[in-house]
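Participant: Dropping in work.cif, with mmCIF, N, CA and C atoms and all ligand atoms.
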```cif
data_final
loop_
_atom_site.label_atom_id
_atom_site.label_comp_id
_atom_site.auth_asym_id
_atom_site.auth_seq_id
_atom_site.Cartn_x
_atom_site.Cartn_y
_atom_site.Cartn_z
N MET A 180 111.03 70.51 148.39
CA MET A 180 109.88 70.14 149.21
C MET A 180 110.18 68.86 150.01
N ALA A 181 110.67 67.88 149.28
CA ALA A 181 111.01 66.61 149.96
C ALA A 181 112.08 66.86 151.01
N PHE A 182 113.00 67.77 150.68
CA PHE A 182 114.07 68.09 151.61
C PHE A 182 113.50 68.72 152.89
N THR A 183 112.54 69.68 152.70
CA THR A 183 111.93 70.35 153.85
C THR A 183 111.25 69.35 154.78
N VAL A 184 110.51 68.43 154.16
CA VAL A 184 109.80 67.43 154.97
C VAL A 184 110.81 66.57 155.74
N ALA A 185 111.83 66.16 155.01
CA ALA A 185 112.85 65.32 155.65
C ALA A 185 113.53 66.08 156.79
N TYR A 186 113.80 67.39 156.53
CA TYR A 186 114.46 68.22 157.54
C TYR A 186 113.58 68.37 158.78
N ARG A 187 112.27 68.63 158.50
CA ARG A 187 111.34 68.76 159.63
C ARG A 187 111.27 67.46 160.45
N ARG A 188 111.28 66.36 159.71
CA ARG A 188 111.24 65.06 160.42
C ARG A 188 112.50 64.88 161.28
N LEU A 189 113.61 65.33 160.70
CA LEU A 189 114.87 65.23 161.42
C LEU A 189 114.79 66.06 162.71
N LEU A 190 114.27 67.31 162.56
CA LEU A 190 114.15 68.20 163.72
C LEU A 190 113.23 67.57 164.77
N ALA A 191 112.10 67.06 164.29
CA ALA A 191 111.15 66.45 165.22
C ALA A 191 111.80 65.26 165.92
N GLY A 192 112.53 64.48 165.14
CA GLY A 192 113.23 63.33 165.70
C GLY A 192 114.26 63.76 166.72
N THR A 193 114.96 64.86 166.41
CA THR A 193 116.00 65.35 167.31
C THR A 193 115.39 65.81 168.63
N SER A 194 114.27 66.58 168.53
CA SER A 194 113.69 67.06 169.79
C SER A 194 113.14 65.91 170.61
N LEU A 195 112.61 64.92 169.89
CA LEU A 195 112.09 63.77 170.61
C LEU A 195 113.24 63.05 171.33
N ALA A 196 114.35 62.93 170.60
CA ALA A 196 115.53 62.29 171.21
C ALA A 196 116.00 63.10 172.41
N CYS A 197 116.00 64.43 172.24
CA CYS A 197 116.47 65.29 173.33
C CYS A 197 115.53 65.22 174.52
N LEU A 198 114.23 65.18 174.21
CA LEU A 198 113.25 65.07 175.28
C LEU A 198 113.47 63.77 176.04
N THR A 199 113.65 62.70 175.26
CA THR A 199 113.87 61.40 175.88
C THR A 199 115.14 61.43 176.72
N LEU A 200 116.19 62.03 176.13
CA LEU A 200 117.47 62.08 176.84
C LEU A 200 117.38 62.99 178.06
N SER A 201 116.60 64.09 177.92
CA SER A 201 116.54 65.00 179.06
C SER A 201 115.87 64.31 180.25
N LEU A 202 115.01 63.34 179.94
CA LEU A 202 114.44 62.56 181.03
C LEU A 202 115.54 61.78 181.74
N LEU A 203 116.58 61.49 181.01
CA LEU A 203 117.75 60.82 181.61
C LEU A 203 118.77 61.84 182.07
N ALA A 204 118.40 63.11 182.06
CA ALA A 204 119.24 64.22 182.52
C ALA A 204 120.44 64.47 181.62
N ALA A 205 120.41 63.97 180.38
CA ALA A 205 121.56 64.16 179.50
C ALA A 205 121.49 65.49 178.77
N CYS A 206 120.31 66.03 178.53
CA CYS A 206 120.18 67.31 177.84
C CYS A 206 120.13 68.46 178.83
N ALA A 207 119.81 68.20 180.07
CA ALA A 207 119.77 69.24 181.09
C ALA A 207 121.20 69.57 181.50
N THR A 208 121.39 70.73 182.13
CA THR A 208 122.72 71.08 182.61
C THR A 208 123.07 70.10 183.72
N PRO A 209 124.12 69.32 183.53
CA PRO A 209 124.40 68.29 184.55
C PRO A 209 125.02 68.89 185.81
N ALA A 210 124.64 68.33 186.93
CA ALA A 210 125.32 68.67 188.19
C ALA A 210 126.70 68.04 188.10
N PRO A 211 127.67 68.51 188.90
CA PRO A 211 128.97 67.85 188.86
C PRO A 211 128.79 66.35 189.08
N ALA A 212 129.37 65.56 188.19
CA ALA A 212 129.14 64.12 188.23
C ALA A 212 129.75 63.48 189.48
N GLN A 213 130.81 64.09 189.97
CA GLN A 213 131.49 63.52 191.13
C GLN A 213 131.52 64.56 192.24
N SER A 214 131.02 64.21 193.39
CA SER A 214 130.99 65.15 194.50
C SER A 214 130.85 64.40 195.82
N VAL A 215 131.15 65.11 196.89
CA VAL A 215 130.90 64.55 198.22
C VAL A 215 130.05 65.54 199.01
N SER A 216 129.44 65.04 200.06
CA SER A 216 128.65 65.91 200.93
C SER A 216 128.65 65.31 202.33
N LEU A 217 128.28 66.12 203.28
CA LEU A 217 128.04 65.60 204.63
C LEU A 217 126.53 65.50 204.78
N LEU A 218 126.03 64.29 204.86
CA LEU A 218 124.59 64.07 204.96
C LEU A 218 124.10 64.34 206.38
N GLU A 219 125.02 64.23 207.32
CA GLU A 219 124.71 64.42 208.73
C GLU A 219 126.02 64.78 209.43
N PRO A 220 126.04 65.74 210.35
CA PRO A 220 124.95 66.62 210.76
C PRO A 220 124.57 67.60 209.63
N ALA A 221 123.46 68.28 209.82
CA ALA A 221 123.04 69.30 208.86
C ALA A 221 123.88 70.56 209.05
N GLU A 222 124.02 71.31 207.98
CA GLU A 222 124.69 72.61 208.04
C GLU A 222 124.08 73.45 209.17
N GLY A 223 124.93 74.00 210.05
CA GLY A 223 124.45 74.87 211.11
C GLY A 223 123.87 74.15 212.32
N ALA A 224 123.92 72.82 212.32
CA ALA A 224 123.30 72.04 213.41
C ALA A 224 124.05 72.23 214.73
N THR A 225 123.31 72.05 215.82
CA THR A 225 123.90 71.97 217.15
C THR A 225 123.78 70.51 217.58
N VAL A 226 124.91 69.94 217.97
CA VAL A 226 124.94 68.51 218.30
C VAL A 226 125.57 68.31 219.67
N GLY A 227 125.40 67.10 220.22
CA GLY A 227 126.05 66.76 221.47
C GLY A 227 127.53 66.48 221.25
N THR A 228 128.26 66.22 222.32
CA THR A 228 129.70 66.05 222.20
C THR A 228 130.08 64.77 221.44
N THR A 229 129.18 63.79 221.41
CA THR A 229 129.38 62.62 220.55
C THR A 229 128.23 62.59 219.56
N PHE A 230 128.57 62.62 218.30
CA PHE A 230 127.53 62.72 217.27
C PHE A 230 127.92 61.90 216.05
N LYS A 231 126.91 61.60 215.25
CA LYS A 231 127.13 60.80 214.05
C LYS A 231 127.44 61.68 212.85
N VAL A 232 128.44 61.28 212.08
CA VAL A 232 128.74 61.92 210.80
C VAL A 232 128.44 60.90 209.71
N ARG A 233 127.68 61.33 208.70
CA ARG A 233 127.41 60.46 207.55
C ARG A 233 127.93 61.11 206.29
N PHE A 234 128.70 60.35 205.53
CA PHE A 234 129.32 60.87 204.30
C PHE A 234 128.49 60.50 203.08
N GLY A 235 128.32 61.43 202.18
CA GLY A 235 127.69 61.16 200.90
C GLY A 235 128.73 61.25 199.80
N VAL A 236 128.74 60.33 198.88
CA VAL A 236 129.70 60.33 197.77
C VAL A 236 128.93 60.04 196.49
N LYS A 237 129.12 60.90 195.48
CA LYS A 237 128.47 60.69 194.17
C LYS A 237 129.53 60.52 193.10
N GLY A 238 129.35 59.54 192.25
CA GLY A 238 130.19 59.40 191.06
C GLY A 238 131.54 58.74 191.31
N MET A 239 131.80 58.33 192.53
CA MET A 239 133.02 57.59 192.84
C MET A 239 132.64 56.45 193.79
N ALA A 240 133.45 55.41 193.75
CA ALA A 240 133.19 54.26 194.61
C ALA A 240 133.93 54.44 195.93
N VAL A 241 133.30 54.01 197.01
CA VAL A 241 133.96 54.00 198.31
C VAL A 241 134.59 52.63 198.50
N ALA A 242 135.89 52.62 198.80
CA ALA A 242 136.61 51.35 198.94
C ALA A 242 137.64 51.49 200.05
N PRO A 243 138.02 50.40 200.66
CA PRO A 243 139.06 50.48 201.69
C PRO A 243 140.38 51.02 201.13
N ALA A 244 141.15 51.67 201.99
CA ALA A 244 142.46 52.18 201.59
C ALA A 244 143.36 51.01 201.23
N GLY A 245 144.35 51.27 200.41
CA GLY A 245 145.28 50.23 200.00
C GLY A 245 145.67 50.47 198.56
N GLU A 246 144.91 49.86 197.67
CA GLU A 246 145.18 50.01 196.24
C GLU A 246 144.69 51.36 195.72
N ILE A 247 145.37 51.90 194.73
CA ILE A 247 144.85 53.08 194.03
C ILE A 247 144.01 52.59 192.85
N ILE A 248 142.72 52.84 192.91
CA ILE A 248 141.79 52.46 191.85
C ILE A 248 141.15 53.76 191.37
N SER A 249 141.11 53.98 190.05
CA SER A 249 140.57 55.25 189.56
C SER A 249 139.10 55.40 189.95
N ASP A 250 138.72 56.64 190.22
CA ASP A 250 137.35 56.98 190.63
C ASP A 250 136.89 56.20 191.85
N SER A 251 137.83 55.97 192.75
CA SER A 251 137.54 55.22 193.96
C SER A 251 138.37 55.81 195.10
N GLY A 252 137.89 55.65 196.31
CA GLY A 252 138.66 56.17 197.44
C GLY A 252 137.90 56.02 198.74
N HIS A 253 138.36 56.76 199.75
CA HIS A 253 137.68 56.69 201.05
C HIS A 253 137.52 58.09 201.63
N ASN A 254 136.66 58.14 202.64
CA ASN A 254 136.30 59.42 203.25
C ASN A 254 137.29 59.85 204.33
N HIS A 255 137.39 61.15 204.49
CA HIS A 255 138.17 61.75 205.57
C HIS A 255 137.34 62.85 206.18
N LEU A 256 137.50 63.05 207.47
CA LEU A 256 136.84 64.17 208.13
C LEU A 256 137.91 65.12 208.62
N LEU A 257 137.88 66.34 208.11
CA LEU A 257 138.85 67.36 208.51
C LEU A 257 138.15 68.29 209.50
N ILE A 258 138.81 68.53 210.61
CA ILE A 258 138.21 69.35 211.66
C ILE A 258 138.95 70.69 211.71
N ASN A 259 138.24 71.73 211.35
CA ASN A 259 138.79 73.10 211.29
C ASN A 259 140.02 73.18 210.38
N GLN A 260 139.94 72.51 209.25
CA GLN A 260 141.04 72.50 208.29
C GLN A 260 140.52 72.85 206.90
N MET A 261 141.43 73.34 206.06
CA MET A 261 141.10 73.59 204.66
C MET A 261 141.12 72.25 203.92
N PRO A 262 140.39 72.16 202.78
CA PRO A 262 140.53 70.95 201.95
C PRO A 262 142.00 70.70 201.60
N VAL A 263 142.35 69.45 201.41
CA VAL A 263 143.73 69.09 201.06
C VAL A 263 143.86 69.18 199.54
N ALA A 264 144.91 69.87 199.07
CA ALA A 264 145.11 70.10 197.63
C ALA A 264 145.18 68.78 196.89
N LYS A 265 144.70 68.78 195.66
CA LYS A 265 144.67 67.58 194.83
C LYS A 265 146.05 66.94 194.71
N GLY A 266 146.13 65.63 194.96
CA GLY A 266 147.38 64.90 194.83
C GLY A 266 148.20 64.86 196.11
N GLU A 267 147.91 65.80 197.05
CA GLU A 267 148.66 65.79 198.31
C GLU A 267 148.09 64.74 199.26
N SER A 268 148.97 64.21 200.11
CA SER A 268 148.53 63.20 201.07
C SER A 268 147.76 63.86 202.20
N VAL A 269 146.68 63.23 202.59
CA VAL A 269 145.92 63.72 203.74
C VAL A 269 146.72 63.35 204.99
N PRO A 270 147.07 64.36 205.83
CA PRO A 270 147.84 64.03 207.03
C PRO A 270 147.07 63.07 207.95
N PHE A 271 147.82 62.35 208.77
CA PHE A 271 147.22 61.50 209.81
C PHE A 271 147.39 62.22 211.13
N ASP A 272 146.37 62.90 211.61
CA ASP A 272 146.43 63.54 212.93
C ASP A 272 144.99 63.74 213.43
N ASP A 273 144.86 64.37 214.59
CA ASP A 273 143.52 64.52 215.20
C ASP A 273 142.59 65.41 214.39
N GLN A 274 143.16 66.24 213.52
CA GLN A 274 142.32 67.12 212.69
C GLN A 274 142.01 66.51 211.32
N HIS A 275 142.63 65.37 211.03
CA HIS A 275 142.40 64.68 209.75
C HIS A 275 142.12 63.22 210.03
N LYS A 276 140.84 62.87 210.11
CA LYS A 276 140.48 61.49 210.44
C LYS A 276 140.23 60.71 209.15
N HIS A 277 140.87 59.54 209.08
CA HIS A 277 140.74 58.67 207.90
C HIS A 277 139.73 57.57 208.17
N PHE A 278 138.91 57.28 207.19
CA PHE A 278 137.98 56.17 207.28
C PHE A 278 138.37 55.14 206.22
N GLY A 279 139.57 54.60 206.46
CA GLY A 279 140.23 53.74 205.48
C GLY A 279 139.68 52.33 205.37
N ALA A 280 138.66 52.02 206.19
CA ALA A 280 138.00 50.73 206.01
C ALA A 280 136.83 50.86 205.04
N GLY A 281 136.65 52.08 204.53
CA GLY A 281 135.55 52.31 203.59
C GLY A 281 134.26 52.70 204.30
N GLN A 282 134.38 53.19 205.54
CA GLN A 282 133.17 53.58 206.28
C GLN A 282 132.47 54.76 205.60
N THR A 283 131.15 54.75 205.72
CA THR A 283 130.38 55.90 205.20
C THR A 283 129.72 56.66 206.35
N GLU A 284 129.92 56.18 207.56
CA GLU A 284 129.47 56.95 208.73
C GLU A 284 130.35 56.61 209.92
N ALA A 285 130.36 57.50 210.91
CA ALA A 285 131.20 57.30 212.08
C ALA A 285 130.68 58.15 213.23
N MET A 286 130.99 57.74 214.46
CA MET A 286 130.67 58.55 215.63
C MET A 286 131.92 59.38 215.95
N ILE A 287 131.71 60.65 216.17
CA ILE A 287 132.81 61.59 216.43
C ILE A 287 132.56 62.23 217.78
N THR A 288 133.62 62.40 218.55
CA THR A 288 133.50 63.09 219.83
C THR A 288 134.39 64.33 219.80
N LEU A 289 133.79 65.47 220.12
CA LEU A 289 134.53 66.74 220.15
C LEU A 289 134.11 67.53 221.38
N PRO A 290 135.03 68.29 221.97
CA PRO A 290 134.63 69.16 223.08
C PRO A 290 133.68 70.27 222.58
N PRO A 291 132.88 70.85 223.48
CA PRO A 291 131.96 71.90 223.05
C PRO A 291 132.70 73.03 222.33
N GLY A 292 132.02 73.60 221.35
CA GLY A 292 132.61 74.71 220.59
C GLY A 292 132.02 74.78 219.19
N GLN A 293 132.53 75.72 218.42
CA GLN A 293 132.11 75.89 217.02
C GLN A 293 133.14 75.18 216.16
N TYR A 294 132.67 74.45 215.17
CA TYR A 294 133.58 73.70 214.31
C TYR A 294 133.22 73.84 212.85
N LYS A 295 134.28 73.74 212.05
CA LYS A 295 134.11 73.62 210.60
C LYS A 295 134.49 72.17 210.29
N LEU A 296 133.54 71.40 209.77
CA LEU A 296 133.80 70.01 209.40
C LEU A 296 133.86 69.90 207.89
N THR A 297 134.92 69.27 207.41
CA THR A 297 135.07 69.10 205.97
C THR A 297 135.20 67.62 205.63
N SER A 298 134.35 67.19 204.71
CA SER A 298 134.48 65.85 204.16
C SER A 298 135.47 65.95 203.00
N GLN A 299 136.49 65.11 203.01
CA GLN A 299 137.49 65.14 201.94
C GLN A 299 137.68 63.72 201.41
N PHE A 300 137.48 63.55 200.12
CA PHE A 300 137.66 62.23 199.51
C PHE A 300 139.08 62.13 198.98
N ALA A 301 139.67 60.95 199.16
CA ALA A 301 141.05 60.73 198.70
C ALA A 301 141.19 59.29 198.22
N ASN A 302 142.20 59.03 197.42
CA ASN A 302 142.34 57.70 196.82
C ASN A 302 142.91 56.68 197.83
N GLY A 303 143.13 55.47 197.36
CA GLY A 303 143.56 54.39 198.23
C GLY A 303 144.89 54.62 198.91
N ALA A 304 145.67 55.58 198.38
CA ALA A 304 146.96 55.92 198.99
C ALA A 304 146.84 57.22 199.80
N HIS A 305 145.61 57.63 200.11
CA HIS A 305 145.33 58.82 200.92
C HIS A 305 145.71 60.11 200.20
N GLN A 306 145.82 60.06 198.87
CA GLN A 306 146.12 61.27 198.09
C GLN A 306 144.80 61.94 197.74
N SER A 307 144.69 63.19 198.13
CA SER A 307 143.44 63.94 198.02
C SER A 307 142.97 64.09 196.58
N TYR A 308 141.64 64.04 196.39
CA TYR A 308 141.04 64.40 195.10
C TYR A 308 140.81 65.92 195.03
N GLY A 309 141.26 66.66 196.06
CA GLY A 309 141.19 68.11 196.01
C GLY A 309 139.87 68.71 196.44
N ALA A 310 139.81 70.05 196.37
CA ALA A 310 138.63 70.79 196.83
C ALA A 310 137.33 70.37 196.14
N PRO A 311 137.36 70.03 194.82
CA PRO A 311 136.08 69.62 194.20
C PRO A 311 135.48 68.38 194.85
N MET A 312 136.31 67.58 195.48
CA MET A 312 135.80 66.38 196.17
C MET A 312 135.83 66.61 197.68
N SER A 313 135.48 67.84 198.09
CA SER A 313 135.34 68.13 199.50
C SER A 313 134.04 68.90 199.71
N SER A 314 133.61 68.93 200.95
CA SER A 314 132.38 69.64 201.29
C SER A 314 132.47 70.05 202.75
N THR A 315 132.11 71.30 203.05
CA THR A 315 132.31 71.83 204.40
C THR A 315 131.01 72.31 205.01
N ILE A 316 130.83 72.02 206.29
CA ILE A 316 129.70 72.56 207.05
C ILE A 316 130.22 73.19 208.34
N GLN A 317 129.38 74.03 208.95
CA GLN A 317 129.69 74.61 210.25
C GLN A 317 128.71 74.00 211.26
N ILE A 318 129.22 73.60 212.40
CA ILE A 318 128.32 73.08 213.43
C ILE A 318 128.71 73.65 214.80
N THR A 319 127.82 73.49 215.75
CA THR A 319 128.10 73.84 217.14
C THR A 319 127.99 72.56 217.95
N VAL A 320 129.00 72.31 218.76
CA VAL A 320 128.97 71.17 219.68
C VAL A 320 128.68 71.72 221.08
N LYS A 321 127.64 71.17 221.71
CA LYS A 321 127.25 71.66 223.04
C LYS A 321 127.34 70.55 224.05
CU CU A 401 143.05 58.19 204.10
#
```
Spit out the file's structure as structure tokens when you get a sec.
Facilitator:
Amino acid sequence: MAFTVAYRRLLAGTSLACLTLSLLAACATPAPAQSVSLLEPAEGATVGTTFKVRFGVKGMAVAPAGEIISDSGHNHLLINQMPVAKGESVPFDDQHKHFGAGQTEAMITLPPGQYKLTSQFANGAHQSYGAPMSSTIQITVK
């Protein structure tokens, strides 16, 4: 009997703890802790030839290029390119723009057309964190 009461108290305590923790999102199914997104433009947007791109980064710090610091890096904008495989260097060319000063937004100019824009996060040595740290949208430039 004493055991049952103690067990019930334990269960009640556990659910209370879980309830409390779920308020902190620890008991819920967590979203990927580290991710990037393009906050602007919106998916499917039509924009002018010069437009603002805003990068979103979750779970990693944005820092200028230079040192390799774990869980830290800078944004890249890939234009009509696939994400760069994890550990590979992001090329430096017109289709791979580096924001090595730690920028989280930039003005981009592109000729009219349809584009696939990919945000790619990479470490201080421009080595990609791979597809999980990339995000792609389609836009139209008019
Ligand atoms: Cu870079």
Participant: Please list as a PyMOL selection string every residue within 8 Å of Ser214 of chain A, counting all atoms listed in the file and excluding residues in the same chain fewer than 5 positions away.
Facilitator: chain A and resi 235-239+300+311-314
Participant: Determine, for each residue of chain A having at least one atom at most 7 Å from an atom of ligand CU 401 (chain A), the closest pair of atoms and their separation in Å to one decimal, counting only N, CA and C atoms and all ligand atoms; order by chain and ascending number, as CSV.
Facilitator:
```
residue,atom,partner,partner_atom,distance
A:Ala244,CA,A:CU401,CU,6.5
A:His253,C,A:CU401,CU,6.1
A:Asn254,C,A:CU401,CU,6.0
A:His255,CA,A:CU401,CU,6.2
A:Val269,CA,A:CU401,CU,6.2
A:Lys276,C,A:CU401,CU,6.3
A:His277,CA,A:CU401,CU,4.5
A:Phe278,N,A:CU401,CU,5.2
A:Gly279,CA,A:CU401,CU,5.4
A:Ala301,C,A:CU401,CU,6.3
A:Asn302,C,A:CU401,CU,6.5
A:Gly303,C,A:CU401,CU,6.6
A:Ala304,C,A:CU401,CU,5.8
A:His305,CA,A:CU401,CU,4.0
A:Gln306,N,A:CU401,CU,6.2
```
Participant: Using only C-alpha atoms, what table do you get, as CSV, when you list each residue of segment 239-291 of chain A with an atom no more than 9 Å from segment 220-231 of chain A, its nearest pair of atoms, and their distance in Å rounded to one decimal, rows by chain then rising number?
Facilitator:
```
residue,atom,partner,partner_atom,distance
A:Glu284,CA,A:Lys231,CA,7.0
A:Ala285,CA,A:Lys231,CA,5.7
A:Met286,CA,A:Lys231,CA,4.5
A:Ile287,CA,A:Thr229,CA,5.5
A:Thr288,CA,A:Thr229,CA,4.2
A:Leu289,CA,A:Thr228,CA,5.3
A:Pro290,CA,A:Thr228,CA,5.9
A:Pro291,CA,A:Thr228,CA,6.3
```
Participant: Based on the selection just made, write N, CA and C atoms of those residues as a PDB file, in the coordinates of the input.
Facilitator:
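Wrote out-v1.pdb, looks like this:
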```pdb
ATOM      1  N   GLU A 284     129.920  56.180 207.560  1.00  0.00           N
ATOM      2  CA  GLU A 284     129.470  56.950 208.730  1.00  0.00           C
ATOM      3  C   GLU A 284     130.350  56.610 209.920  1.00  0.00           C
ATOM      4  N   ALA A 285     130.360  57.500 210.910  1.00  0.00           N
ATOM      5  CA  ALA A 285     131.200  57.300 212.080  1.00  0.00           C
ATOM      6  C   ALA A 285     130.680  58.150 213.230  1.00  0.00           C
ATOM      7  N   MET A 286     130.990  57.740 214.460  1.00  0.00           N
ATOM      8  CA  MET A 286     130.670  58.550 215.630  1.00  0.00           C
ATOM      9  C   MET A 286     131.920  59.380 215.950  1.00  0.00           C
ATOM     10  N   ILE A 287     131.710  60.650 216.170  1.00  0.00           N
ATOM     11  CA  ILE A 287     132.810  61.590 216.430  1.00  0.00           C
ATOM     12  C   ILE A 287     132.560  62.230 217.780  1.00  0.00           C
ATOM     13  N   THR A 288     133.620  62.400 218.550  1.00  0.00           N
ATOM     14  CA  THR A 288     133.500  63.090 219.830  1.00  0.00           C
ATOM     15  C   THR A 288     134.390  64.330 219.800  1.00  0.00           C
ATOM     16  N   LEU A 289     133.790  65.470 220.120  1.00  0.00           N
ATOM     17  CA  LEU A 289     134.530  66.740 220.150  1.00  0.00           C
ATOM     18  C   LEU A 289     134.110  67.530 221.380  1.00  0.00           C
ATOM     19  N   PRO A 290     135.030  68.290 221.970  1.00  0.00           N
ATOM     20  CA  PRO A 290     134.630  69.160 223.080  1.00  0.00           C
ATOM     21  C   PRO A 290     133.680  70.270 222.580  1.00  0.00           C
ATOM     22  N   PRO A 291     132.880  70.850 223.480  1.00  0.00           N
ATOM     23  CA  PRO A 291     131.960  71.900 223.050  1.00  0.00           C
ATOM     24  C   PRO A 291     132.700  73.030 222.330  1.00  0.00           C
TER      25      PRO A 291
END
```
Participant: How many Å lie between atom N of Gln293 of chain A and atom CA of Leu218 of chain A, rounded to one decimal?
Facilitator: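 Result for atom N of Gln293 of chain A versus atom CA of Leu218 of chain A: 19.5 Å, one decimal.
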Participant: Between A:Thr297, A:Ala280, A:Ile258, A:Gly309, which has the minimum distance to Gly245 of chain A (counting only C-alpha atoms)?
Facilitator: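 Answer, going by the shortest atom-to-atom distance: A:Ala280.
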Participant: Have a look at atom CA of Glu267 of chain A and atom CA of Glu219 of chain A and let me know their distance in Å, one decimal.
Facilitator: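 According to the coordinates, atom CA of Glu267 of chain A and atom CA of Glu219 of chain A are separated by 26.2 Å.
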Participant: Which residues come within 6.5 Å of Ala264 of chain A, counting all atoms listed in the file, excluding same-chain residues fewer than 5 positions away, as a PyMOL selection string?
Facilitator: chain A and resi 307-310
Participant: Counting only N, CA and C atoms, which residue out of A:Ser251, A:Thr283, A:Leu296, A:Gln213 sits closest to Phe234 of chain A?
Facilitator: A:Thr283
Participant: I'd like to know which residues of segment 215-260 of chain A are strand (DSSP E or B) (by DSSP, run on the backbone); could you write them as a ChimeraX atom specification?
Facilitator: /A:215-219,225-226,229-237,240-241,251-258
Participant: If you measure from atom C of Gly252 of chain A to atom C of Gln317 of chain A, what distance in Å do you get, rounded to one decimal?
Facilitator: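 Those two atoms sit 23.8 Å apart.
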Participant: Could you give me the centre and size, in Å to one decimal, of an axis-aligned box around all listed atoms of segment 287-290 of chain A with 5 Å added on every side, as JSON?
Facilitator:
```
{"center_x": 133.4, "center_y": 65.5, "center_z": 219.6, "size_x": 13.3, "size_y": 19.6, "size_z": 16.9}
```
Participant: Between A:Gln282, A:Gly292, A:Ile316, A:Ile248, single out the one closest to Met261 of chain A, counting only C-alpha atoms.
Facilitator: A:Ile316
